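> Below you'll find start_28.cif; it's mmCIF, C-alpha atoms (C1' of nucleotides).
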data_entry
loop_
_atom_site.group_PDB
_atom_site.id
_atom_site.type_symbol
_atom_site.label_atom_id
_atom_site.label_comp_id
_atom_site.auth_asym_id
_atom_site.auth_seq_id
_atom_site.Cartn_x
_atom_site.Cartn_y
_atom_site.Cartn_z
ATOM 1 C CA MET A 1 -1.768 31.638 -1.037
ATOM 2 C CA ARG A 2 -4.096 29.658 -3.215
ATOM 3 C CA ASP A 3 -7.781 30.403 -3.064
ATOM 4 C CA GLY A 4 -9.107 28.719 -6.156
ATOM 5 C CA LEU A 5 -8.386 26.156 -8.773
ATOM 6 C CA THR A 6 -6.581 26.885 -11.972
ATOM 7 C CA ARG A 7 -8.069 26.135 -15.350
ATOM 8 C CA ASN A 8 -6.240 22.839 -15.686
ATOM 9 C CA GLU A 9 -7.025 21.796 -12.155
ATOM 10 C CA THR A 10 -10.707 22.461 -12.730
ATOM 11 C CA GLU A 11 -10.718 20.411 -15.865
ATOM 12 C CA VAL A 12 -8.875 17.486 -14.325
ATOM 13 C CA LEU A 13 -11.106 17.478 -11.279
ATOM 14 C CA ALA A 14 -14.204 17.465 -13.468
ATOM 15 C CA LEU A 15 -12.891 14.530 -15.474
ATOM 16 C CA ILE A 16 -12.073 12.526 -12.380
ATOM 17 C CA ARG A 17 -15.447 13.238 -10.849
ATOM 18 C CA ALA A 18 -17.222 12.277 -14.036
ATOM 19 C CA ALA A 19 -15.466 8.924 -14.163
ATOM 20 C CA ASP A 20 -16.822 5.782 -12.560
ATOM 21 C CA GLY A 21 -13.528 4.905 -10.996
ATOM 22 C CA PRO A 22 -10.013 6.220 -10.667
ATOM 23 C CA LEU A 23 -8.195 7.455 -13.741
ATOM 24 C CA THR A 24 -4.536 7.215 -14.564
ATOM 25 C CA ALA A 25 -2.639 10.332 -15.517
ATOM 26 C CA TYR A 26 -2.518 9.185 -19.108
ATOM 27 C CA GLN A 27 -6.225 8.484 -19.237
ATOM 28 C CA LEU A 28 -6.715 12.068 -18.135
ATOM 29 C CA LEU A 29 -4.225 13.176 -20.737
ATOM 30 C CA ASN A 30 -6.156 11.392 -23.481
ATOM 31 C CA ARG A 31 -9.428 12.938 -22.446
ATOM 32 C CA MET A 32 -7.945 16.388 -22.324
ATOM 33 C CA GLN A 33 -6.495 15.981 -25.775
ATOM 34 C CA HIS A 34 -9.973 15.543 -27.164
ATOM 35 C CA GLY A 35 -10.594 19.165 -26.374
ATOM 36 C CA PRO A 36 -8.854 22.121 -28.014
ATOM 37 C CA GLY A 37 -5.161 22.788 -27.615
ATOM 38 C CA ALA A 38 -2.164 20.621 -27.029
ATOM 39 C CA VAL A 39 -1.736 18.862 -23.717
ATOM 40 C CA ALA A 40 1.395 17.181 -22.461
ATOM 41 C CA PRO A 41 2.052 15.011 -19.403
ATOM 42 C CA PRO A 42 3.399 17.801 -17.179
ATOM 43 C CA THR A 43 0.104 19.634 -17.542
ATOM 44 C CA VAL A 44 -1.766 16.692 -16.061
ATOM 45 C CA TYR A 45 0.743 15.992 -13.335
ATOM 46 C CA ARG A 46 0.845 19.623 -12.270
ATOM 47 C CA ALA A 47 -2.911 19.733 -12.015
ATOM 48 C CA LEU A 48 -2.985 16.504 -10.029
ATOM 49 C CA LYS A 49 -0.354 17.858 -7.676
ATOM 50 C CA GLY A 50 -2.408 20.974 -7.086
ATOM 51 C CA LEU A 51 -5.579 19.015 -6.469
ATOM 52 C CA GLU A 52 -3.783 16.671 -4.143
ATOM 53 C CA ASP A 53 -2.331 19.582 -2.186
ATOM 54 C CA ALA A 54 -5.838 21.007 -1.975
ATOM 55 C CA GLY A 55 -7.081 17.712 -0.587
ATOM 56 C CA LEU A 56 -9.498 17.103 -3.421
ATOM 57 C CA VAL A 57 -7.869 14.185 -5.099
ATOM 58 C CA ARG A 58 -5.810 11.285 -3.968
ATOM 59 C CA LYS A 59 -3.479 8.906 -5.673
ATOM 60 C CA ILE A 60 -4.317 5.249 -5.306
ATOM 61 C CA GLU A 61 -0.831 3.844 -5.048
ATOM 62 C CA THR A 62 -1.766 0.269 -5.781
ATOM 63 C CA LEU A 63 -3.449 1.305 -9.031
ATOM 64 C CA ARG A 64 -1.198 4.172 -10.039
ATOM 65 C CA ALA A 65 -4.426 6.094 -10.572
ATOM 66 C CA TRP A 66 -6.222 9.086 -9.131
ATOM 67 C CA ALA A 67 -9.589 9.345 -7.468
ATOM 68 C CA ALA A 68 -11.752 12.184 -6.175
ATOM 69 C CA VAL A 69 -11.449 11.075 -2.590
ATOM 70 C CA LYS A 70 -10.823 13.516 0.208
ATOM 71 C CA THR A 71 -7.340 13.144 1.593
ATOM 72 C CA ASP A 72 -8.176 14.397 5.051
ATOM 73 C CA ALA A 73 -10.788 11.748 5.714
ATOM 74 C CA SER A 74 -9.758 9.503 8.562
ATOM 75 C CA GLY A 75 -10.711 6.587 6.426
ATOM 76 C CA VAL A 76 -9.085 3.789 4.574
ATOM 77 C CA VAL A 77 -9.274 3.572 0.819
ATOM 78 C CA VAL A 78 -11.360 0.653 -0.325
ATOM 79 C CA ILE A 79 -11.146 -0.529 -3.900
ATOM 80 C CA CYS A 80 -13.544 -2.969 -5.493
ATOM 81 C CA ASP A 81 -11.590 -5.047 -7.993
ATOM 82 C CA ASP A 82 -14.786 -6.087 -9.751
ATOM 83 C CA CYS A 83 -16.504 -2.798 -10.487
ATOM 84 C CA GLY A 84 -13.526 -0.519 -9.995
ATOM 85 C CA THR A 85 -15.130 1.895 -7.574
ATOM 86 C CA VAL A 86 -13.073 3.528 -4.878
ATOM 87 C CA ARG A 87 -14.441 4.785 -1.595
ATOM 88 C CA THR A 88 -13.248 5.532 1.862
ATOM 89 C CA VAL A 89 -14.427 3.659 4.884
ATOM 90 C CA THR A 90 -14.070 5.335 8.224
ATOM 91 C CA ALA A 91 -12.211 3.262 10.736
ATOM 92 C CA PRO A 92 -11.347 5.486 13.677
ATOM 93 C CA ASN A 93 -10.240 2.627 15.892
ATOM 94 C CA LEU A 94 -7.849 1.518 13.252
ATOM 95 C CA PHE A 95 -5.874 4.716 13.261
ATOM 96 C CA GLU A 96 -5.775 4.776 16.999
ATOM 97 C CA SER A 97 -4.573 1.211 17.055
ATOM 98 C CA LEU A 98 -1.972 1.949 14.406
ATOM 99 C CA HIS A 99 -0.711 4.977 16.224
ATOM 100 C CA GLN A 100 -0.325 3.025 19.449
ATOM 101 C CA SER A 101 1.580 0.225 17.786
ATOM 102 C CA LEU A 102 3.960 2.672 16.180
ATOM 103 C CA GLU A 103 4.410 4.742 19.272
ATOM 104 C CA ALA A 104 5.416 1.618 21.166
ATOM 105 C CA GLU A 105 8.183 1.204 18.590
ATOM 106 C CA GLY A 106 9.302 4.777 18.852
ATOM 107 C CA PHE A 107 8.288 5.408 15.279
ATOM 108 C CA THR A 108 7.030 8.853 14.359
ATOM 109 C CA GLU A 109 4.438 8.634 11.616
ATOM 110 C CA ALA A 110 4.335 11.177 8.861
ATOM 111 C CA ARG A 111 1.795 9.649 6.515
ATOM 112 C CA GLN A 112 0.041 6.380 5.966
ATOM 113 C CA THR A 113 -1.153 4.649 2.864
ATOM 114 C CA ILE A 114 -3.888 2.162 3.592
ATOM 115 C CA GLU A 115 -5.570 0.584 0.628
ATOM 116 C CA VAL A 116 -7.778 -2.450 0.691
ATOM 117 C CA HIS A 117 -8.667 -4.443 -2.387
ATOM 118 C CA GLY A 118 -11.591 -6.800 -2.563
ATOM 119 C CA SER A 119 -15.176 -6.935 -3.563
ATOM 120 C CA CYS A 120 -17.875 -4.462 -2.593
ATOM 121 C CA SER A 121 -21.294 -5.497 -1.341
ATOM 122 C CA ASP A 122 -22.959 -4.798 -4.680
ATOM 123 C CA CYS A 123 -20.588 -7.098 -6.515
ATOM 124 C CA THR A 124 -20.529 -9.781 -3.830
ATOM 125 C CA THR A 125 -24.278 -10.120 -3.724
ATOM 126 C CA GLY A 126 -24.345 -10.778 -7.428
ATOM 127 C CA HIS A 127 -25.715 -7.557 -8.821
ATOM 128 C CA ARG A 128 -23.171 -8.126 -11.493
ATOM 129 C CA ALA A 129 -21.695 -11.216 -13.037
ATOM 130 C CA MET B 130 5.014 -27.741 -7.443
ATOM 131 C CA ARG B 131 7.814 -25.444 -6.481
ATOM 132 C CA ASP B 132 10.232 -26.643 -3.884
ATOM 133 C CA GLY B 133 13.163 -24.325 -4.282
ATOM 134 C CA LEU B 134 14.348 -21.087 -5.713
ATOM 135 C CA THR B 135 15.669 -20.727 -9.185
ATOM 136 C CA ARG B 136 19.075 -19.331 -9.931
ATOM 137 C CA ASN B 137 17.745 -15.857 -10.653
ATOM 138 C CA GLU B 138 15.485 -15.862 -7.652
ATOM 139 C CA THR B 139 18.377 -16.815 -5.409
ATOM 140 C CA GLU B 140 20.500 -14.048 -6.796
ATOM 141 C CA VAL B 141 17.795 -11.409 -6.480
ATOM 142 C CA LEU B 142 16.960 -12.462 -2.942
ATOM 143 C CA ALA B 143 20.604 -12.281 -1.942
ATOM 144 C CA LEU B 144 20.914 -8.788 -3.398
ATOM 145 C CA ILE B 145 17.841 -7.559 -1.601
ATOM 146 C CA ARG B 146 18.954 -9.048 1.677
ATOM 147 C CA ALA B 147 22.387 -7.532 1.317
ATOM 148 C CA ALA B 148 20.966 -4.069 0.777
ATOM 149 C CA ASP B 149 20.282 -1.640 3.583
ATOM 150 C CA GLY B 150 16.864 -0.810 2.300
ATOM 151 C CA PRO B 151 14.486 -1.720 -0.470
ATOM 152 C CA LEU B 152 15.776 -1.879 -4.022
ATOM 153 C CA THR B 153 13.975 -0.984 -7.216
ATOM 154 C CA ALA B 154 13.822 -3.489 -10.024
ATOM 155 C CA TYR B 155 16.306 -1.463 -12.012
ATOM 156 C CA GLN B 156 18.734 -1.207 -9.124
ATOM 157 C CA LEU B 157 18.640 -4.981 -9.012
ATOM 158 C CA LEU B 158 19.101 -5.072 -12.741
ATOM 159 C CA ASN B 159 22.218 -2.910 -12.516
ATOM 160 C CA ARG B 160 23.736 -5.062 -9.818
ATOM 161 C CA MET B 161 23.066 -8.231 -11.755
ATOM 162 C CA GLN B 162 24.674 -6.800 -14.840
ATOM 163 C CA HIS B 163 27.943 -6.484 -12.976
ATOM 164 C CA GLY B 164 28.109 -10.251 -12.985
ATOM 165 C CA PRO B 165 28.561 -12.444 -16.051
ATOM 166 C CA GLY B 166 25.900 -12.730 -18.732
ATOM 167 C CA ALA B 167 23.293 -10.420 -20.067
ATOM 168 C CA VAL B 168 20.350 -9.464 -17.905
ATOM 169 C CA ALA B 169 17.198 -7.733 -19.056
ATOM 170 C CA PRO B 170 14.222 -6.356 -17.116
ATOM 171 C CA PRO B 171 12.001 -9.433 -17.504
ATOM 172 C CA THR B 172 14.621 -11.520 -15.737
ATOM 173 C CA VAL B 173 14.390 -9.321 -12.676
ATOM 174 C CA TYR B 174 10.631 -9.027 -12.708
ATOM 175 C CA ARG B 175 10.172 -12.761 -13.074
ATOM 176 C CA ALA B 176 12.445 -13.428 -10.143
ATOM 177 C CA LEU B 177 10.635 -10.851 -8.028
ATOM 178 C CA LYS B 178 7.312 -12.416 -8.923
ATOM 179 C CA GLY B 179 8.563 -15.814 -7.850
ATOM 180 C CA LEU B 180 9.934 -14.496 -4.576
ATOM 181 C CA GLU B 181 6.754 -12.610 -3.900
ATOM 182 C CA ASP B 182 4.675 -15.729 -4.537
ATOM 183 C CA ALA B 183 6.965 -17.582 -2.162
ATOM 184 C CA GLY B 184 6.345 -14.929 0.466
ATOM 185 C CA LEU B 185 9.970 -13.909 0.700
ATOM 186 C CA VAL B 186 9.887 -10.408 -0.636
ATOM 187 C CA ARG B 187 7.313 -7.727 -0.855
ATOM 188 C CA LYS B 188 6.815 -4.746 -3.027
ATOM 189 C CA ILE B 189 6.667 -1.441 -1.226
ATOM 190 C CA GLU B 190 4.034 0.267 -3.322
ATOM 191 C CA THR B 191 4.775 3.770 -2.126
ATOM 192 C CA LEU B 192 8.415 3.398 -3.124
ATOM 193 C CA ARG B 193 8.040 1.153 -6.147
ATOM 194 C CA ALA B 194 10.778 -0.916 -4.556
ATOM 195 C CA TRP B 195 11.232 -4.374 -3.120
ATOM 196 C CA ALA B 196 12.183 -5.467 0.355
ATOM 197 C CA ALA B 197 12.934 -8.777 2.030
ATOM 198 C CA VAL B 198 9.923 -8.599 4.268
ATOM 199 C CA LYS B 199 7.703 -11.575 4.882
ATOM 200 C CA THR B 200 4.352 -11.139 3.215
ATOM 201 C CA ASP B 201 2.451 -13.332 5.605
ATOM 202 C CA ALA B 202 3.308 -11.314 8.670
ATOM 203 C CA SER B 203 0.240 -9.736 10.179
ATOM 204 C CA GLY B 204 2.113 -6.524 10.356
ATOM 205 C CA VAL B 205 2.147 -3.167 8.726
ATOM 206 C CA VAL B 206 5.062 -2.013 6.651
ATOM 207 C CA VAL B 207 6.932 0.813 8.270
ATOM 208 C CA ILE B 208 9.347 2.885 6.262
ATOM 209 C CA CYS B 209 11.819 5.333 7.717
ATOM 210 C CA ASP B 210 12.183 8.195 5.281
ATOM 211 C CA ASP B 211 15.454 9.258 6.902
ATOM 212 C CA CYS B 212 17.512 6.079 6.880
ATOM 213 C CA GLY B 213 15.466 4.138 4.353
ATOM 214 C CA THR B 214 14.966 1.011 6.390
ATOM 215 C CA VAL B 215 11.805 -0.998 6.051
ATOM 216 C CA ARG B 216 10.383 -3.214 8.762
ATOM 217 C CA THR B 217 7.079 -4.667 9.754
ATOM 218 C CA VAL B 218 5.347 -3.801 12.961
ATOM 219 C CA THR B 219 2.801 -6.225 14.269
ATOM 220 C CA ALA B 220 -0.537 -4.656 14.930
ATOM 221 C CA PRO B 221 -3.043 -7.446 15.506
ATOM 222 C CA ASN B 222 -5.772 -5.126 16.751
ATOM 223 C CA LEU B 223 -5.454 -3.095 13.638
ATOM 224 C CA PHE B 224 -6.339 -5.924 11.315
ATOM 225 C CA GLU B 225 -9.217 -6.931 13.498
ATOM 226 C CA SER B 226 -10.481 -3.392 13.544
ATOM 227 C CA LEU B 227 -10.083 -3.089 9.806
ATOM 228 C CA HIS B 228 -11.877 -6.332 9.162
ATOM 229 C CA GLN B 229 -14.793 -5.249 11.323
ATOM 230 C CA SER B 230 -15.132 -1.902 9.606
ATOM 231 C CA LEU B 231 -15.145 -3.554 6.199
ATOM 232 C CA GLU B 232 -17.521 -6.294 7.210
ATOM 233 C CA ALA B 233 -19.973 -3.699 8.388
ATOM 234 C CA GLU B 234 -19.887 -2.291 4.879
ATOM 235 C CA GLY B 235 -20.372 -5.659 3.256
ATOM 236 C CA PHE B 236 -16.936 -5.436 1.719
ATOM 237 C CA THR B 237 -14.992 -8.649 1.222
ATOM 238 C CA GLU B 238 -11.286 -8.021 1.566
ATOM 239 C CA ALA B 239 -8.827 -9.767 -0.663
ATOM 240 C CA ARG B 240 -5.615 -7.999 0.214
ATOM 241 C CA GLN B 241 -4.462 -4.915 2.029
ATOM 242 C CA THR B 242 -1.583 -2.582 1.490
ATOM 243 C CA ILE B 243 -0.668 -0.737 4.646
ATOM 244 C CA GLU B 244 2.463 1.344 4.518
ATOM 245 C CA VAL B 245 3.484 3.965 7.007
ATOM 246 C CA HIS B 246 6.135 6.551 6.327
ATOM 247 C CA GLY B 247 7.880 8.472 9.022
ATOM 248 C CA SER B 248 10.963 8.414 11.148
ATOM 249 C CA CYS B 249 12.250 5.464 13.122
ATOM 250 C CA SER B 250 13.405 5.703 16.728
ATOM 251 C CA ASP B 251 17.075 5.691 15.771
ATOM 252 C CA CYS B 252 16.647 8.658 13.482
ATOM 253 C CA THR B 253 14.280 10.543 15.761
ATOM 254 C CA THR B 254 16.575 10.377 18.727
ATOM 255 C CA GLY B 255 19.337 11.951 16.735
ATOM 256 C CA HIS B 256 21.674 9.070 16.022
ATOM 257 C CA ARG B 257 21.907 10.667 12.640
ATOM 258 C CA ALA B 258 21.651 14.226 11.421
ATOM 259 C "C1'" DT C 259 8.383 50.681 -17.206
ATOM 260 C "C1'" DG C 260 10.334 47.021 -14.987
ATOM 261 C "C1'" DC C 261 10.237 43.375 -11.722
ATOM 262 C "C1'" DG C 262 8.490 39.185 -9.582
ATOM 263 C "C1'" DC C 263 5.185 35.695 -9.439
ATOM 264 C "C1'" DC C 264 2.091 32.228 -11.094
ATOM 265 C "C1'" DC C 265 0.289 29.401 -14.602
ATOM 266 C "C1'" DT C 266 0.978 27.220 -18.758
ATOM 267 C "C1'" DG C 267 3.269 25.224 -22.746
ATOM 268 C "C1'" DT C 268 7.035 22.555 -24.789
ATOM 269 C "C1'" DT C 269 10.729 19.370 -25.470
ATOM 270 C "C1'" DA C 270 13.101 15.854 -23.938
ATOM 271 C "C1'" DT C 271 14.164 12.261 -21.082
ATOM 272 C "C1'" DG C 272 14.096 9.248 -17.058
ATOM 273 C "C1'" DT C 273 11.879 5.416 -14.697
ATOM 274 C "C1'" DT C 274 9.025 1.402 -14.099
ATOM 275 C "C1'" DA C 275 6.803 -2.687 -16.117
ATOM 276 C "C1'" DT C 276 5.225 -6.046 -19.466
ATOM 277 C "C1'" DA C 277 4.124 -8.350 -24.132
ATOM 278 C "C1'" DA C 278 5.592 -11.578 -27.284
ATOM 279 C "C1'" DC C 279 8.479 -14.768 -28.991
ATOM 280 C "C1'" DC C 280 12.280 -18.038 -28.897
ATOM 281 C "C1'" DT C 281 15.622 -21.603 -26.982
ATOM 282 C "C1'" DA C 282 17.301 -25.087 -23.961
ATOM 283 C "C1'" DG C 283 16.963 -28.382 -20.326
ATOM 284 C "C1'" DT C 284 14.158 -31.813 -17.716
ATOM 285 C "C1'" DT C 285 10.750 -35.054 -16.873
ATOM 286 C "C1'" DA C 286 7.200 -38.481 -17.908
ATOM 287 C "C1'" DC C 287 5.891 -41.940 -20.310
ATOM 288 C "C1'" DA C 288 4.090 -44.602 -24.475
ATOM 289 C "C1'" DT D 289 14.163 -43.895 -28.384
ATOM 290 C "C1'" DG D 290 10.970 -40.371 -29.444
ATOM 291 C "C1'" DT D 291 8.219 -36.826 -28.261
ATOM 292 C "C1'" DA D 292 4.919 -34.133 -25.663
ATOM 293 C "C1'" DA D 293 4.542 -31.140 -21.732
ATOM 294 C "C1'" DC D 294 6.561 -28.184 -18.659
ATOM 295 C "C1'" DT D 295 9.750 -24.847 -16.577
ATOM 296 C "C1'" DA D 296 13.314 -21.499 -16.680
ATOM 297 C "C1'" DG D 297 15.527 -18.275 -18.952
ATOM 298 C "C1'" DG D 298 17.025 -15.075 -22.833
ATOM 299 C "C1'" DT D 299 15.929 -11.413 -26.199
ATOM 300 C "C1'" DT D 300 13.701 -7.655 -28.447
ATOM 301 C "C1'" DA D 301 10.632 -4.295 -28.333
ATOM 302 C "C1'" DT D 302 7.447 -1.320 -26.431
ATOM 303 C "C1'" DA D 303 3.969 0.217 -23.120
ATOM 304 C "C1'" DA D 304 2.987 2.902 -19.177
ATOM 305 C "C1'" DC D 305 4.141 6.206 -15.671
ATOM 306 C "C1'" DA D 306 6.607 10.463 -14.179
ATOM 307 C "C1'" DT D 307 9.614 14.508 -14.112
ATOM 308 C "C1'" DA D 308 13.549 17.865 -15.433
ATOM 309 C "C1'" DA D 309 14.477 21.971 -17.578
ATOM 310 C "C1'" DC D 310 13.499 25.857 -20.038
ATOM 311 C "C1'" DA D 311 10.380 29.470 -22.419
ATOM 312 C "C1'" DG D 312 6.519 32.611 -22.649
ATOM 313 C "C1'" DG D 313 2.517 35.208 -21.266
ATOM 314 C "C1'" DG D 314 -0.490 37.623 -18.053
ATOM 315 C "C1'" DC D 315 -1.035 40.120 -13.875
ATOM 316 C "C1'" DG D 316 -0.159 43.020 -9.789
ATOM 317 C "C1'" DC D 317 2.426 46.481 -8.123
ATOM 318 C "C1'" DA D 318 6.321 49.657 -6.794
#
The structure given in the file should be rewritten as structure tokens.

Amino acid sequence: MRDGLTRNETEVLALIRAADGPLTAYQLLNRMQHGPGAVAPPTVYRALKGLEDAGLVRKIETLRAWAAVKTDASGVVVICDDCGTVRTVTAPNLFESLHQSLEAEGFTEARQTIEVHGSCSDCTTGHRA
Amino acid sequence: MRDGLTRNETEVLALIRAADGPLTAYQLLNRMQHGPGAVAPPTVYRALKGLEDAGLVRKIETLRAWAAVKTDASGVVVICDDCGTVRTVTAPNLFESLHQSLEAEGFTEARQTIEVHGSCSDCTTGHRA
DNA sequence: TGCGCCCTGTTATGTTATAACCTAGTTACA
DNA sequence: TGTAACTAGGTTATAACATAACAGGGCGCA
């Protein structure tokens, strides 16, 4: 039974939360190496695994990077390719619709990955170049 | 203007179509090396890029593997974790629902990745262990 | 004290993907 | 014919991502 985060998990979570967008495992590794002590890839990946199991962090498959997005949210992951931010957008109908389509095929879903790339409202309306 | 497939593209497409499930780039590489001539990773990746641009194959992000699935199909990618097969399931309502949710957020979609893992009807009904 | 468990460190390696540069064939056209 | 422009492909090297396997230390507890 796990009731808290380990030292490495805490550090990784803090780094991800402090970042503007998702971070790759090796970006995390670099940042951790600026502190004291040696850090190797397995340290980062173990922490990410723990955080993912705890539902605190999620891997963005299309970016091979990790974001502080709740995994239990019934939302799709939305990635702005201009500013790099990642959010979830709730789309309850979507999951219902998906489930129905799959059920009709006799397919039993275990997990979905739904990631949408595009441009967020801030970037579209020209807040940035 | 491209009006046909190159030699490497033809070979890669044939290998993917002949396979039961998706193949990784390095599985393709191995199979191509059984033929005459040297083959290196860029050869495979270039061919995959061409086939993807032509809409003939698609990368399954969650598997880091490639399948002969049309990219223009308005369907979600469905992967059976038991037998490894990949198909698309059409879910027109889903894309409509997704588009509406994103529009409401002011998000302009460029491309979606929707992959569902689970168990297909054949495997669920016990045709296999 | 001794055992098991969890977390961490360490070394090495496996896997996936691309950069950069070079060569050959084809076409277009002055 | 000569050559510029383009496309495909080959080659070398390396970048980027991920995990296997083993060792040690701290802690709870019989």
> Pick out the residues sitting within 9 Å of region 228-239 of chain B, and hand them over as a VMD selection string; count all atoms listed in the file, and ignore anything fewer than 4 positions along from it in its own chain.
(chain A and resid 78 80 89 to 91 94 116 to 122 124) or (chain B and resid 223 to 224)
> One number please: CA of Pro42 (chain A) to C1' of DA301 (chain D), in Å, one decimal.
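Result for CA of Pro42 (chain A) versus C1' of DA301 (chain D): 25.8 Å, one decimal.
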> To verify the selection step, state as a PyMOL selection string which residues the PyMOL selection byres ((chain B) within 10 of (chain D)) yields on this input.
chain B and resi 135-137+167-169+171-172+175
> Can you check which parts of chain B lie within 9 Å of chain C? Per residue, the shortest pair of atoms and distance in Å to one decimal, counting all atoms listed in the file, sorted by chain and number, as a tab-separated table.

residue	atom	partner	partner_atom	distance
B:Thr153	CA	C:DT274	C1'	8.8
B:Ala154	CA	C:DT274	C1'	8.0
B:Tyr155	CA	C:DT274	C1'	8.1
B:Pro170	CA	C:DA275	C1'	8.3
B:Pro171	CA	C:DT276	C1'	7.8
B:Tyr174	CA	C:DA275	C1'	8.2
B:Arg193	CA	C:DT274	C1'	8.0
> Can you tell me which residues surround Leu185 (chain B) at a distance of at most 10 Å, considering all atoms listed in the file, apart from same-chain residues fewer than 3 positions away, and format the answer as a VMD selection string?
chain B and resid 142 177 179 to 182 196 to 201
> Compare A:Gly55, A:Pro92, A:Gly75, A:Gly4 by their minimum atom-to-atom distance to Glu115 (chain A), counting only C-alpha atoms, and give me the closest one.
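Once distances to Glu115 (chain A) are computed over only C-alpha atoms, the minimum belongs to A:Gly75.
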> One decimal, Å: what's the distance from CA of Ile114 (chain A) over to CA of Val77 (chain A), could you say?
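Atom-to-atom, CA of Ile114 (chain A) and CA of Val77 (chain A) are spaced 6.2 Å apart.
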> Quick check, in Å to one decimal: how far apart do CA of Leu157 (chain B) and CA of Thr191 (chain B) lie?
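Interatomic distance, CA of Leu157 (chain B) to CA of Thr191 (chain B): 17.8 Å.
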> Axis-aligned box over every listed atom of region 178-185 of chain B, padded by 3 Å per side: centre and edges in Å to one decimal, as AutoDock Vina command-line options?

--center_x 7.3 --center_y -15.0 --center_z -4.1 --size_x 11.3 --size_y 11.2 --size_z 15.6
> Using all atoms listed in the file for the distances, tell me which of B:Ala176, B:Cys212, B:Val186, B:Leu192 is nearest to chain A.
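Closest candidate: B:Leu192.
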> Out of B:Gln241, B:Thr217, B:Thr254, B:Asn159, which residue has the shortest atom-to-atom distance to chain A when counting only C-alpha atoms?
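Among the listed residues, B:Gln241 lies closest to chain A.
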